[in-house]
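Enquirer: Next comes protein-v3.pdb, PDB, C-alpha atoms and all ligand atoms:
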ATOM      1  CA  MET O   1     109.283  69.542 110.109  1.00  0.00           C
ATOM      2  CA  SER O   2     106.222  71.721 110.597  1.00  0.00           C
ATOM      3  CA  ALA O   3     103.876  71.302 113.507  1.00  0.00           C
ATOM      4  CA  HIS O   4     101.275  70.146 111.000  1.00  0.00           C
ATOM      5  CA  ASN O   5     103.504  67.334 109.696  1.00  0.00           C
ATOM      6  CA  GLY O   6     104.334  66.258 113.231  1.00  0.00           C
ATOM      7  CA  TRP O   7     100.653  66.001 114.033  1.00  0.00           C
ATOM      8  CA  LEU O   8      99.981  63.914 110.930  1.00  0.00           C
ATOM      9  CA  ARG O   9     102.799  61.586 111.754  1.00  0.00           C
ATOM     10  CA  ALA O  10     101.636  61.160 115.366  1.00  0.00           C
ATOM     11  CA  ASN O  11      98.165  60.474 114.067  1.00  0.00           C
ATOM     12  CA  ALA O  12      99.453  57.861 111.623  1.00  0.00           C
ATOM     13  CA  LEU O  13     101.490  56.165 114.357  1.00  0.00           C
ATOM     14  CA  PHE O  14      98.465  56.150 116.614  1.00  0.00           C
ATOM     15  CA  SER O  15      96.302  54.545 113.912  1.00  0.00           C
ATOM     16  CA  LEU O  16      98.993  51.955 113.313  1.00  0.00           C
ATOM     17  CA  ALA O  17      99.068  51.152 117.011  1.00  0.00           C
ATOM     18  CA  VAL O  18      95.285  50.792 117.064  1.00  0.00           C
ATOM     19  CA  VAL O  19      95.394  48.479 114.051  1.00  0.00           C
ATOM     20  CA  ALA O  20      98.151  46.397 115.682  1.00  0.00           C
ATOM     21  CA  LEU O  21      96.145  46.088 118.874  1.00  0.00           C
ATOM     22  CA  SER O  22      93.013  44.972 117.062  1.00  0.00           C
ATOM     23  CA  VAL O  23      95.048  42.415 115.111  1.00  0.00           C
ATOM     24  CA  ILE O  24      96.410  41.037 118.400  1.00  0.00           C
ATOM     25  CA  ALA O  25      92.919  40.929 119.913  1.00  0.00           C
ATOM     26  CA  ALA O  26      91.524  39.234 116.802  1.00  0.00           C
ATOM     27  CA  CYS O  27      94.333  36.651 116.890  1.00  0.00           C
ATOM     28  CA  ALA O  28      93.604  35.976 120.542  1.00  0.00           C
ATOM     29  CA  SER O  29      89.937  35.251 119.989  1.00  0.00           C
ATOM     30  CA  PHE O  30      90.718  33.387 116.762  1.00  0.00           C
ATOM     31  CA  THR O  31      93.161  31.104 118.592  1.00  0.00           C
ATOM     32  CA  ASP O  32      90.655  30.539 121.384  1.00  0.00           C
ATOM     33  CA  ARG O  33      87.854  29.680 119.022  1.00  0.00           C
ATOM     34  CA  PHE O  34      89.907  26.867 117.568  1.00  0.00           C
ATOM     35  CA  THR O  35      91.297  25.545 120.810  1.00  0.00           C
ATOM     36  CA  GLN O  36      87.992  24.806 122.527  1.00  0.00           C
ATOM     37  CA  CYS O  37      88.752  21.360 123.723  1.00  0.00           C
ATOM     38  CA  GLN O  38      87.576  18.206 125.412  1.00  0.00           C
ATOM     39  CA  PRO O  39      89.378  16.849 128.459  1.00  0.00           C
ATOM     40  CA  ARG O  40      91.469  13.732 127.956  1.00  0.00           C
ATOM     41  CA  SER O  41      92.881  11.116 130.260  1.00  0.00           C
ATOM     42  CA  SER O  42      96.243  11.922 131.838  1.00  0.00           C
ATOM     43  CA  ILE O  43      97.322   8.483 130.624  1.00  0.00           C
ATOM     44  CA  PRO O  44      98.428   8.936 126.992  1.00  0.00           C
ATOM     45  CA  THR O  45      97.025   5.571 125.843  1.00  0.00           C
ATOM     46  CA  LEU O  46      93.509   6.330 127.128  1.00  0.00           C
ATOM     47  CA  SER O  47      91.345   8.991 125.575  1.00  0.00           C
ATOM     48  CA  GLU O  48      88.525   9.673 128.023  1.00  0.00           C
ATOM     49  CA  PRO O  49      88.919  11.372 131.416  1.00  0.00           C
ATOM     50  CA  LYS O  50      87.844   9.158 134.330  1.00  0.00           C
ATOM     51  CA  ILE O  51      86.387  10.359 137.599  1.00  0.00           C
ATOM     52  CA  SER O  52      84.541   8.246 140.150  1.00  0.00           C
ATOM     53  CA  ILE O  53      83.626   8.064 143.818  1.00  0.00           C
ATOM     54  CA  VAL O  54      85.880   5.463 145.479  1.00  0.00           C
ATOM     55  CA  SER O  55      84.446   5.776 148.958  1.00  0.00           C
ATOM     56  CA  HIS O  56      81.527   7.345 150.753  1.00  0.00           C
ATOM     57  CA  ASP O  57      83.362   8.497 153.846  1.00  0.00           C
ATOM     58  CA  LYS O  58      80.397   9.865 155.701  1.00  0.00           C
ATOM     59  CA  ILE O  59      76.671  10.045 155.215  1.00  0.00           C
ATOM     60  CA  VAL O  60      74.621  11.627 157.961  1.00  0.00           C
ATOM     61  CA  ARG O  61      70.872  12.061 157.868  1.00  0.00           C
ATOM     62  CA  ARG O  62      69.396  14.913 159.825  1.00  0.00           C
ATOM     63  CA  LYS O  63      66.026  15.025 161.513  1.00  0.00           C
ATOM     64  CA  ASP O  64      64.603  17.208 158.754  1.00  0.00           C
ATOM     65  CA  GLY O  65      65.456  14.510 156.195  1.00  0.00           C
ATOM     66  CA  SER O  66      68.454  16.294 154.682  1.00  0.00           C
ATOM     67  CA  ASP O  67      71.801  14.533 154.294  1.00  0.00           C
ATOM     68  CA  GLU O  68      75.441  15.414 154.624  1.00  0.00           C
ATOM     69  CA  LEU O  69      77.766  13.448 152.373  1.00  0.00           C
ATOM     70  CA  HIS O  70      81.559  13.291 152.124  1.00  0.00           C
ATOM     71  CA  VAL O  71      83.283  11.322 149.397  1.00  0.00           C
ATOM     72  CA  THR O  72      86.745  10.393 148.152  1.00  0.00           C
ATOM     73  CA  LEU O  73      87.292  10.664 144.416  1.00  0.00           C
ATOM     74  CA  ASP O  74      89.494   8.933 141.912  1.00  0.00           C
ATOM     75  CA  ILE O  75      90.365  11.625 139.370  1.00  0.00           C
ATOM     76  CA  ASP O  76      92.096  11.331 136.036  1.00  0.00           C
ATOM     77  CA  TYR O  77      91.922  14.161 133.522  1.00  0.00           C
ATOM     78  CA  ASP O  78      94.174  16.274 131.358  1.00  0.00           C
ATOM     79  CA  LEU O  79      93.136  19.760 130.290  1.00  0.00           C
ATOM     80  CA  SER O  80      96.646  21.019 129.506  1.00  0.00           C
ATOM     81  CA  HIS O  81      96.025  21.071 125.748  1.00  0.00           C
ATOM     82  CA  CYS O  82      93.222  23.609 126.396  1.00  0.00           C
ATOM     83  CA  ALA O  83      95.800  26.220 127.332  1.00  0.00           C
ATOM     84  CA  THR O  84      97.346  28.530 124.743  1.00  0.00           C
ATOM     85  CA  TRP O  85      99.658  31.543 125.046  1.00  0.00           C
ATOM     86  CA  ASN O  86      96.480  33.522 125.731  1.00  0.00           C
ATOM     87  CA  THR O  87      95.368  31.389 128.719  1.00  0.00           C
ATOM     88  CA  ARG O  88      95.584  32.801 132.226  1.00  0.00           C
ATOM     89  CA  ALA O  89      94.176  29.748 134.059  1.00  0.00           C
ATOM     90  CA  VAL O  90      92.146  26.591 133.603  1.00  0.00           C
ATOM     91  CA  HIS O  91      89.560  25.926 136.277  1.00  0.00           C
ATOM     92  CA  ALA O  92      88.191  22.398 136.737  1.00  0.00           C
ATOM     93  CA  GLN O  93      85.270  21.357 138.906  1.00  0.00           C
ATOM     94  CA  VAL O  94      83.801  17.962 139.772  1.00  0.00           C
ATOM     95  CA  THR O  95      80.094  18.194 140.471  1.00  0.00           C
ATOM     96  CA  ILE O  96      77.597  15.677 141.768  1.00  0.00           C
ATOM     97  CA  GLY O  97      74.075  15.965 140.403  1.00  0.00           C
ATOM     98  CA  TYR O  98      70.890  14.190 141.462  1.00  0.00           C
ATOM     99  CA  GLU O  99      67.136  14.471 141.154  1.00  0.00           C
ATOM    100  CA  THR O 100      64.683  14.729 144.006  1.00  0.00           C
ATOM    101  CA  GLU O 101      60.898  14.793 144.102  1.00  0.00           C
ATOM    102  CA  ARG O 102      60.801  18.545 144.696  1.00  0.00           C
ATOM    103  CA  ARG O 103      63.661  19.667 142.483  1.00  0.00           C
ATOM    104  CA  LEU O 104      64.442  18.112 139.172  1.00  0.00           C
ATOM    105  CA  SER O 105      68.073  19.082 139.227  1.00  0.00           C
ATOM    106  CA  ASN O 106      70.392  19.503 142.195  1.00  0.00           C
ATOM    107  CA  GLU O 107      74.093  20.012 141.735  1.00  0.00           C
ATOM    108  CA  ALA O 108      76.939  20.487 144.208  1.00  0.00           C
ATOM    109  CA  THR O 109      80.667  20.914 143.693  1.00  0.00           C
ATOM    110  CA  VAL O 110      82.756  18.304 145.524  1.00  0.00           C
ATOM    111  CA  TRP O 111      86.234  19.162 144.258  1.00  0.00           C
ATOM    112  CA  ASP O 112      87.882  21.868 142.181  1.00  0.00           C
ATOM    113  CA  ARG O 113      91.249  23.141 141.050  1.00  0.00           C
ATOM    114  CA  THR O 114      92.452  26.316 139.382  1.00  0.00           C
ATOM    115  CA  ALA O 115      95.607  25.625 137.406  1.00  0.00           C
ATOM    116  CA  THR O 116      98.010  28.110 135.869  1.00  0.00           C
ATOM    117  CA  THR O 117     100.692  25.623 134.824  1.00  0.00           C
ATOM    118  CA  LYS O 118     100.287  22.776 132.322  1.00  0.00           C
ATOM    119  CA  GLN O 119     101.465  20.362 134.995  1.00  0.00           C
ATOM    120  CA  ASP O 120      98.613  21.372 137.314  1.00  0.00           C
ATOM    121  CA  MET O 121      96.110  20.983 134.457  1.00  0.00           C
ATOM    122  CA  ARG O 122      96.909  17.252 134.497  1.00  0.00           C
ATOM    123  CA  VAL O 123      95.396  15.482 137.506  1.00  0.00           C
ATOM    124  CA  SER O 124      95.650  11.843 138.443  1.00  0.00           C
ATOM    125  CA  GLY O 125      95.085  10.141 141.789  1.00  0.00           C
ATOM    126  CA  ARG O 126      92.799   9.842 144.780  1.00  0.00           C
ATOM    127  CA  PHE O 127      91.539  12.995 146.387  1.00  0.00           C
ATOM    128  CA  PRO O 128      89.244  13.529 149.348  1.00  0.00           C
ATOM    129  CA  GLY O 129      86.347  15.726 148.252  1.00  0.00           C
ATOM    130  CA  LYS O 130      87.147  19.344 149.147  1.00  0.00           C
ATOM    131  CA  TYR O 131      83.526  20.152 149.857  1.00  0.00           C
ATOM    132  CA  GLY O 132      80.889  18.104 151.614  1.00  0.00           C
ATOM    133  CA  VAL O 133      77.446  17.886 150.044  1.00  0.00           C
ATOM    134  CA  ARG O 134      74.602  19.233 152.143  1.00  0.00           C
ATOM    135  CA  THR O 135      71.185  18.621 150.753  1.00  0.00           C
ATOM    136  CA  VAL O 136      68.505  21.225 151.363  1.00  0.00           C
ATOM    137  CA  ASP O 137      65.543  19.238 152.635  1.00  0.00           C
ATOM    138  CA  GLU O 138      65.582  15.940 150.788  1.00  0.00           C
ATOM    139  CA  GLY O 139      68.174  13.213 151.210  1.00  0.00           C
ATOM    140  CA  ILE O 140      70.793  12.069 148.692  1.00  0.00           C
ATOM    141  CA  SER O 141      71.353   8.570 150.132  1.00  0.00           C
ATOM    142  CA  GLY O 142      69.909   5.834 147.970  1.00  0.00           C
ATOM    143  CA  ARG O 143      69.678   8.166 144.974  1.00  0.00           C
ATOM    144  CA  ALA O 144      71.153   7.917 141.510  1.00  0.00           C
ATOM    145  CA  VAL O 145      73.893  10.484 141.002  1.00  0.00           C
ATOM    146  CA  GLU O 146      75.836  11.745 138.006  1.00  0.00           C
ATOM    147  CA  LEU O 147      79.350  13.119 138.287  1.00  0.00           C
ATOM    148  CA  LYS O 148      80.344  15.806 135.823  1.00  0.00           C
ATOM    149  CA  LEU O 149      83.629  17.428 134.998  1.00  0.00           C
ATOM    150  CA  ARG O 150      83.108  21.119 134.305  1.00  0.00           C
ATOM    151  CA  TRP O 151      85.946  23.289 133.084  1.00  0.00           C
ATOM    152  CA  ALA O 152      86.499  26.937 132.294  1.00  0.00           C
ATOM    153  CA  VAL O 153      89.366  28.420 130.336  1.00  0.00           C
ATOM    154  CA  LEU O 154      90.142  31.935 131.535  1.00  0.00           C
ATOM    155  CA  PRO O 155      91.965  33.924 128.851  1.00  0.00           C
ATOM    156  CA  ARG O 156      94.223  36.944 129.230  1.00  0.00           C
ATOM    157  CA  SER O 157      92.199  38.677 126.544  1.00  0.00           C
ATOM    158  CA  GLY O 158      88.845  37.750 125.027  1.00  0.00           C
ATOM    159  CA  LYS O 159      85.996  35.642 126.310  1.00  0.00           C
ATOM    160  CA  MET O 160      86.108  32.904 128.908  1.00  0.00           C
ATOM    161  CA  TRP O 161      84.683  29.632 127.681  1.00  0.00           C
ATOM    162  CA  ARG O 162      83.350  26.619 129.504  1.00  0.00           C
ATOM    163  CA  GLY O 163      82.716  22.970 128.897  1.00  0.00           C
ATOM    164  CA  VAL O 164      81.081  20.062 130.653  1.00  0.00           C
ATOM    165  CA  GLN O 165      81.303  16.293 130.338  1.00  0.00           C
ATOM    166  CA  SER O 166      79.394  13.554 132.142  1.00  0.00           C
ATOM    167  CA  VAL O 167      81.958  11.206 133.693  1.00  0.00           C
ATOM    168  CA  TRP O 168      80.173   8.731 135.989  1.00  0.00           C
ATOM    169  CA  ASN O 169      76.746   7.444 136.965  1.00  0.00           C
ATOM    170  CA  SER O 170      76.159   5.594 140.188  1.00  0.00           C
ATOM    171  CA  THR O 171      73.955   5.305 143.251  1.00  0.00           C
ATOM    172  CA  ILE O 172      74.716   6.635 146.729  1.00  0.00           C
ATOM    173  CA  PRO O 173      74.265   3.789 149.254  1.00  0.00           C
ATOM    174  CA  ALA O 174      71.105   3.897 151.317  1.00  0.00           C
ATOM    175  CA  MET O 175      71.238   4.380 155.080  1.00  0.00           C
ATOM    176  CA  GLU O 176      71.710   1.095 156.803  1.00  0.00           C
ATOM    177  CA  GLU O 177      72.238   1.274 160.510  1.00  0.00           C
ATOM    178  CA  GLU O 178      71.051   3.466 163.330  1.00  0.00           C
ATOM    179  CA  ASN O 179      73.942   5.180 165.059  1.00  0.00           C
ATOM    180  CA  PRO O 180      73.586   5.224 168.846  1.00  0.00           C
ATOM    181  CA  ASP O 181      75.738   8.352 169.104  1.00  0.00           C
ATOM    182  CA  LEU O 182      73.217  10.361 167.162  1.00  0.00           C
ATOM    183  CA  GLU O 183      69.791  11.459 168.248  1.00  0.00           C
ATOM    184  CA  PRO O 184      66.868   9.175 167.415  1.00  0.00           C
ATOM    185  CA  GLY O 185      65.858   9.536 163.824  1.00  0.00           C
ATOM    186  CA  GLN O 186      69.394  10.417 162.727  1.00  0.00           C
ATOM    187  CA  ARG O 187      71.177   7.650 160.949  1.00  0.00           C
ATOM    188  CA  ARG O 188      74.766   7.447 160.046  1.00  0.00           C
ATOM    189  CA  MET O 189      76.449   5.129 157.673  1.00  0.00           C
ATOM    190  CA  ILE O 190      80.106   4.568 157.002  1.00  0.00           C
ATOM    191  CA  LYS O 191      80.730   2.309 154.111  1.00  0.00           C
ATOM    192  CA  GLN O 192      83.570   1.822 151.686  1.00  0.00           C
ATOM    193  CA  THR O 193      82.423   1.121 148.196  1.00  0.00           C
ATOM    194  CA  ARG O 194      84.804  -0.635 145.894  1.00  0.00           C
ATOM    195  CA  THR O 195      85.217  -0.056 142.222  1.00  0.00           C
ATOM    196  CA  PRO O 196      85.703  -3.329 140.349  1.00  0.00           C
ATOM    197  CA  GLY O 197      89.373  -3.830 139.569  1.00  0.00           C
ATOM    198  CA  MET O 198      90.540  -1.347 142.189  1.00  0.00           C
ATOM    199  CA  PRO O 199      92.459  -2.443 145.315  1.00  0.00           C
TER     200      PRO O 199
HETATM  201  C1  LIG K 201      74.963   9.230 132.868  1.00  0.00           C
HETATM  202  O1  LIG K 201      73.579   9.234 132.649  1.00  0.00           O
HETATM  203  C2  LIG K 201      73.112  10.321 131.865  1.00  0.00           C
HETATM  204  C3  LIG K 201      71.604  10.263 131.838  1.00  0.00           C
HETATM  205  O2  LIG K 201      71.152   9.007 131.485  1.00  0.00           O
HETATM  206  C4  LIG K 201      73.749  10.249 130.481  1.00  0.00           C
HETATM  207  O3  LIG K 201      73.321  11.342 129.694  1.00  0.00           O
HETATM  208  C5  LIG K 201      75.249  10.261 130.620  1.00  0.00           C
HETATM  209  O4  LIG K 201      75.875  10.132 129.369  1.00  0.00           O
HETATM  210  C6  LIG K 201      75.731   9.165 131.553  1.00  0.00           C
HETATM  211  N1  LIG K 201      77.157   9.320 131.791  1.00  0.00           N
HETATM  212  C7  LIG K 201      78.038   8.346 131.631  1.00  0.00           C
HETATM  213  C8  LIG K 201      79.460   8.677 131.908  1.00  0.00           C
HETATM  214  O5  LIG K 201      77.755   7.219 131.278  1.00  0.00           O
END
What does this structure look like when you write it as structure tokens?
Expert:
Amino acid sequence: MSAHNGWLRANALFSLAVVALSVIAACASFTDRFTQCQPRSSIPTLSEPKISIVSHDKIVRRKDGSDELHVTLDIDYDLSHCATWNTRAVHAQVTIGYETERRLSNEATVWDRTATTKQDMRVSGRFPGKYGVRTVDEGISGRAVELKLRWAVLPRSGKMWRGVQSVWNSTIPAMEEENPDLEPGQRRMIKQTRTPGMP
């Protein structure tokens, strides 16, 4: 075999490898394009995911009018069908959004999970919020809020894609009683809200 032939063959093998790689990459993005998905309930007989606030564990108003809020959530979703052989992780986030006079849209994350196994992509139960909500200068108590489930599918190769679904609308209870342990003007409220049908 001449040096020239060897070179040609190496070149041909290289081109073949490049073609194979682009086919794999194309398959990966092709698969992903057709697996963009909506979350479901973790209960097979229900279709929609369900997320709600089951208790407002702490609401504190500061002197400047801002609030700190801690909640417990009831979470039920299944994103496991969003994962394919090309999925590295599925990230889910529960956000609380509300409007104030100064800012039309405020959004804070109260809970999240990054899952790499199908089992962890299915979530069902009560969870204390991982993150408290701290408003900037306007309170959240007494306001209408919307919970959203946001998810992101992180692939091994190709583009990450995201989705969002509104899951709950409610109102945060208004401040009720003055707390003697706090400085004047600061109010604190501890109140358990009950969801109809829940214990
Ligand atoms: C919550 O309210 C918003 C705005 O009215 C609406 O777009 C959304 O669908 C509602 N979400 C649910 C779960 O009902």
Enquirer: Could you check the closest approach to ligand LIG 201 (chain K) for each of O:Ala12, O:Leu147, O:Ile172, O:Ala108 and tell me which residue wins, using all atoms listed in the file?
Expert: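 Looking at the shortest contact to ligand LIG 201 (chain K), the residue is O:Leu147.
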Enquirer: Would you list the contacts of O:Ala152 as a list in words, taking every protein, DNA or RNA residue within 7 Å and counting only C-alpha atoms, but skipping same-chain residues closer than 5 positions in sequence?
Expert: Val90, His91, Ala92, Met160, Trp161, Arg162 and Gly163 of chain O
Enquirer: Give me, as CSV, the closest atom pair and its distance (Å, one decimal) for every residue of chain O within a cut-off of 12 Å of ligand LIG 201 (chain K), counting all atoms listed in the file, rows sorted by chain and rising number.
Expert:
residue,atom,partner,partner_atom,distance
O:Glu48,CA,K:LIG201,C8,9.9
O:Pro49,CA,K:LIG201,C8,9.8
O:Lys50,CA,K:LIG201,C8,8.7
O:Ile51,CA,K:LIG201,C8,9.1
O:Ser52,CA,K:LIG201,C8,9.7
O:Ile96,CA,K:LIG201,C1,11.3
O:Gly97,CA,K:LIG201,C1,10.1
O:Tyr98,CA,K:LIG201,C3,10.4
O:Glu99,CA,K:LIG201,C3,11.2
O:Ala144,CA,K:LIG201,O1,9.3
O:Val145,CA,K:LIG201,C1,8.3
O:Glu146,CA,K:LIG201,C1,5.8
O:Leu147,CA,K:LIG201,C8,7.8
O:Lys148,CA,K:LIG201,C8,8.2
O:Leu149,CA,K:LIG201,C8,10.2
O:Val164,CA,K:LIG201,O4,11.3
O:Gln165,CA,K:LIG201,C8,8.0
O:Ser166,CA,K:LIG201,N1,4.8
O:Val167,CA,K:LIG201,C8,4.0
O:Trp168,CA,K:LIG201,C8,4.1
O:Asn169,CA,K:LIG201,C1,4.8
O:Ser170,CA,K:LIG201,C1,8.3
O:Thr171,CA,K:LIG201,C1,11.1
Enquirer: Restricting the calculation to all atoms listed in the file: of O:Thr114, O:Ser55, O:Ile140, O:Ser80, which residue gets closest to O:Gln36?
Expert: O:Ser80
Enquirer: Could you tell me how far atom CA of O:Gly132 lies from atom CA of O:His70, in Å and to one decimal?
Expert: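 Result for atom CA of O:Gly132 versus atom CA of O:His70: 4.9 Å, one decimal.
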Enquirer: With distances taken over only C-alpha atoms, which residue among O:Ala17, O:Leu46, O:Val153, O:Val54 lies nearest O:His81?
Expert: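 Checking each of O:Ala17, O:Leu46, O:Val153, O:Val54 against O:His81, counting only C-alpha atoms, the winner is O:Val153.
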Enquirer: Smallest atom-to-atom distance to O:Pro173: which of O:Asp76, O:Arg9, O:Ile53, O:Arg40, using only C-alpha atoms?
Expert: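 Ranking O:Asp76, O:Arg9, O:Ile53, O:Arg40 by distance to O:Pro173, first place goes to O:Ile53.
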Enquirer: What does the distance between atom CA of O:Lys130 and atom CA of O:Val110 come to in Å, to one decimal place?
Expert: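 If I compute the distance from atom CA of O:Lys130 to atom CA of O:Val110, I get 5.8 Å.
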Enquirer: I'd like to know which of O:His4, O:Arg88, O:Arg61, O:Arg103 is closest to O:Ala174, using all atoms listed in the file.
Expert: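 Ranking O:His4, O:Arg88, O:Arg61, O:Arg103 by distance to O:Ala174, first place goes to O:Arg61.
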Enquirer: Which value, in Å to one decimal, gives the distance between atom CA of O:Val71 and atom CA of O:Thr135?
Expert: 14.2 Å
Enquirer: Between O:Thr84, O:Asn5, O:Gln38, O:Ser47, single out the one closest to O:Thr116, counting all atoms listed in the file.
Expert: O:Thr84
Enquirer: Return as lines of an AutoDock Vina configuration file the centre and edge lengths, in Å with one decimal, of the box along x, y and z that encloses every atom of stretch 55-70 of chain O in the file, padded by 8 Å per side.
Expert:
center_x = 74.5
center_y = 11.5
center_z = 155.2
size_x = 35.8
size_y = 27.4
size_z = 28.6
Enquirer: Let me know the residues the PyMOL selection byres (((chain O and resi 126) around 7) and not hetatm) catches in the file above, as JSON, numbers by chain.
Expert: {"O": [72, 73, 74, 75, 125, 127, 128]}
Enquirer: Might you spell out which residues the PyMOL selection byres (((chain O and resi 42) around 7) and not hetatm) would select in the displayed file, as an mmCIF file with C-alpha atoms, in the frame of the given file?
Expert:
data_model
loop_
_atom_site.group_PDB
_atom_site.id
_atom_site.type_symbol
_atom_site.label_atom_id
_atom_site.label_comp_id
_atom_site.auth_asym_id
_atom_site.auth_seq_id
_atom_site.Cartn_x
_atom_site.Cartn_y
_atom_site.Cartn_z
ATOM 1 C CA ARG O 40 91.469 13.732 127.956
ATOM 2 C CA SER O 41 92.881 11.116 130.260
ATOM 3 C CA ILE O 43 97.322 8.483 130.624
ATOM 4 C CA PRO O 44 98.428 8.936 126.992
ATOM 5 C CA ASP O 76 92.096 11.331 136.036
ATOM 6 C CA TYR O 77 91.922 14.161 133.522
ATOM 7 C CA ASP O 78 94.174 16.274 131.358
ATOM 8 C CA ARG O 122 96.909 17.252 134.497
ATOM 9 C CA VAL O 123 95.396 15.482 137.506
ATOM 10 C CA SER O 124 95.650 11.843 138.443
#
Enquirer: Given the file shown, enumerate the residues that the PyMOL selection byres (((chain O and resi 137) around 7) and not hetatm) captures and present them as a list in words.
Expert: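 The output of the PyMOL selection byres (((chain O and resi 137) around 7) and not hetatm) on this file is Asp64, Gly65, Ser66, Thr135, Val136, Glu138 and Gly139 of chain O.
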Enquirer: Model the absent atoms of stretch 88-103 of chain O so that N, CA and C atoms are present, and write the result as a PDB file, keeping the file's coordinate frame.
Expert:
ATOM      1  N   ARG O  88      95.138  32.371 130.898  1.00  0.00           N
ATOM      2  CA  ARG O  88      95.584  32.801 132.226  1.00  0.00           C
ATOM      3  C   ARG O  88      95.487  31.632 133.204  1.00  0.00           C
ATOM      4  N   ALA O  89      94.372  30.882 133.148  1.00  0.00           N
ATOM      5  CA  ALA O  89      94.176  29.748 134.059  1.00  0.00           C
ATOM      6  C   ALA O  89      93.124  28.805 133.507  1.00  0.00           C
ATOM      7  N   VAL O  90      93.187  27.566 133.938  1.00  0.00           N
ATOM      8  CA  VAL O  90      92.146  26.591 133.603  1.00  0.00           C
ATOM      9  C   VAL O  90      91.549  26.100 134.920  1.00  0.00           C
ATOM     10  N   HIS O  91      90.257  26.309 135.051  1.00  0.00           N
ATOM     11  CA  HIS O  91      89.560  25.926 136.277  1.00  0.00           C
ATOM     12  C   HIS O  91      88.767  24.648 136.020  1.00  0.00           C
ATOM     13  N   ALA O  92      88.943  23.651 136.880  1.00  0.00           N
ATOM     14  CA  ALA O  92      88.191  22.398 136.737  1.00  0.00           C
ATOM     15  C   ALA O  92      87.379  22.162 138.003  1.00  0.00           C
ATOM     16  N   GLN O  93      86.201  21.578 137.804  1.00  0.00           N
ATOM     17  CA  GLN O  93      85.270  21.357 138.906  1.00  0.00           C
ATOM     18  C   GLN O  93      84.636  19.981 138.744  1.00  0.00           C
ATOM     19  N   VAL O  94      84.542  19.224 139.819  1.00  0.00           N
ATOM     20  CA  VAL O  94      83.801  17.962 139.772  1.00  0.00           C
ATOM     21  C   VAL O  94      82.499  18.182 140.529  1.00  0.00           C
ATOM     22  N   THR O  95      81.394  17.968 139.834  1.00  0.00           N
ATOM     23  CA  THR O  95      80.094  18.194 140.471  1.00  0.00           C
ATOM     24  C   THR O  95      79.323  16.885 140.585  1.00  0.00           C
ATOM     25  N   ILE O  96      78.453  16.838 141.585  1.00  0.00           N
ATOM     26  CA  ILE O  96      77.597  15.677 141.768  1.00  0.00           C
ATOM     27  C   ILE O  96      76.156  16.176 141.598  1.00  0.00           C
ATOM     28  N   GLY O  97      75.439  15.522 140.702  1.00  0.00           N
ATOM     29  CA  GLY O  97      74.075  15.965 140.403  1.00  0.00           C
ATOM     30  C   GLY O  97      73.089  14.851 140.700  1.00  0.00           C
ATOM     31  N   TYR O  98      71.914  15.197 141.164  1.00  0.00           N
ATOM     32  CA  TYR O  98      70.890  14.190 141.462  1.00  0.00           C
ATOM     33  C   TYR O  98      69.516  14.832 141.378  1.00  0.00           C
ATOM     34  N   GLU O  99      68.521  13.988 141.230  1.00  0.00           N
ATOM     35  CA  GLU O  99      67.136  14.471 141.154  1.00  0.00           C
ATOM     36  C   GLU O  99      66.408  14.142 142.439  1.00  0.00           C
ATOM     37  N   THR O 100      65.547  15.040 142.870  1.00  0.00           N
ATOM     38  CA  THR O 100      64.683  14.729 144.006  1.00  0.00           C
ATOM     39  C   THR O 100      63.242  14.989 143.579  1.00  0.00           C
ATOM     40  N   GLU O 101      62.308  14.623 144.448  1.00  0.00           N
ATOM     41  CA  GLU O 101      60.898  14.793 144.102  1.00  0.00           C
ATOM     42  C   GLU O 101      60.569  16.274 143.921  1.00  0.00           C
ATOM     43  N   ARG O 102      61.151  17.127 144.751  1.00  0.00           N
ATOM     44  CA  ARG O 102      60.801  18.545 144.696  1.00  0.00           C
ATOM     45  C   ARG O 102      61.579  19.333 143.660  1.00  0.00           C
ATOM     46  N   ARG O 103      62.845  18.927 143.453  1.00  0.00           N
ATOM     47  CA  ARG O 103      63.661  19.667 142.483  1.00  0.00           C
ATOM     48  C   ARG O 103      64.222  18.687 141.471  1.00  0.00           C
TER      49      ARG O 103
END
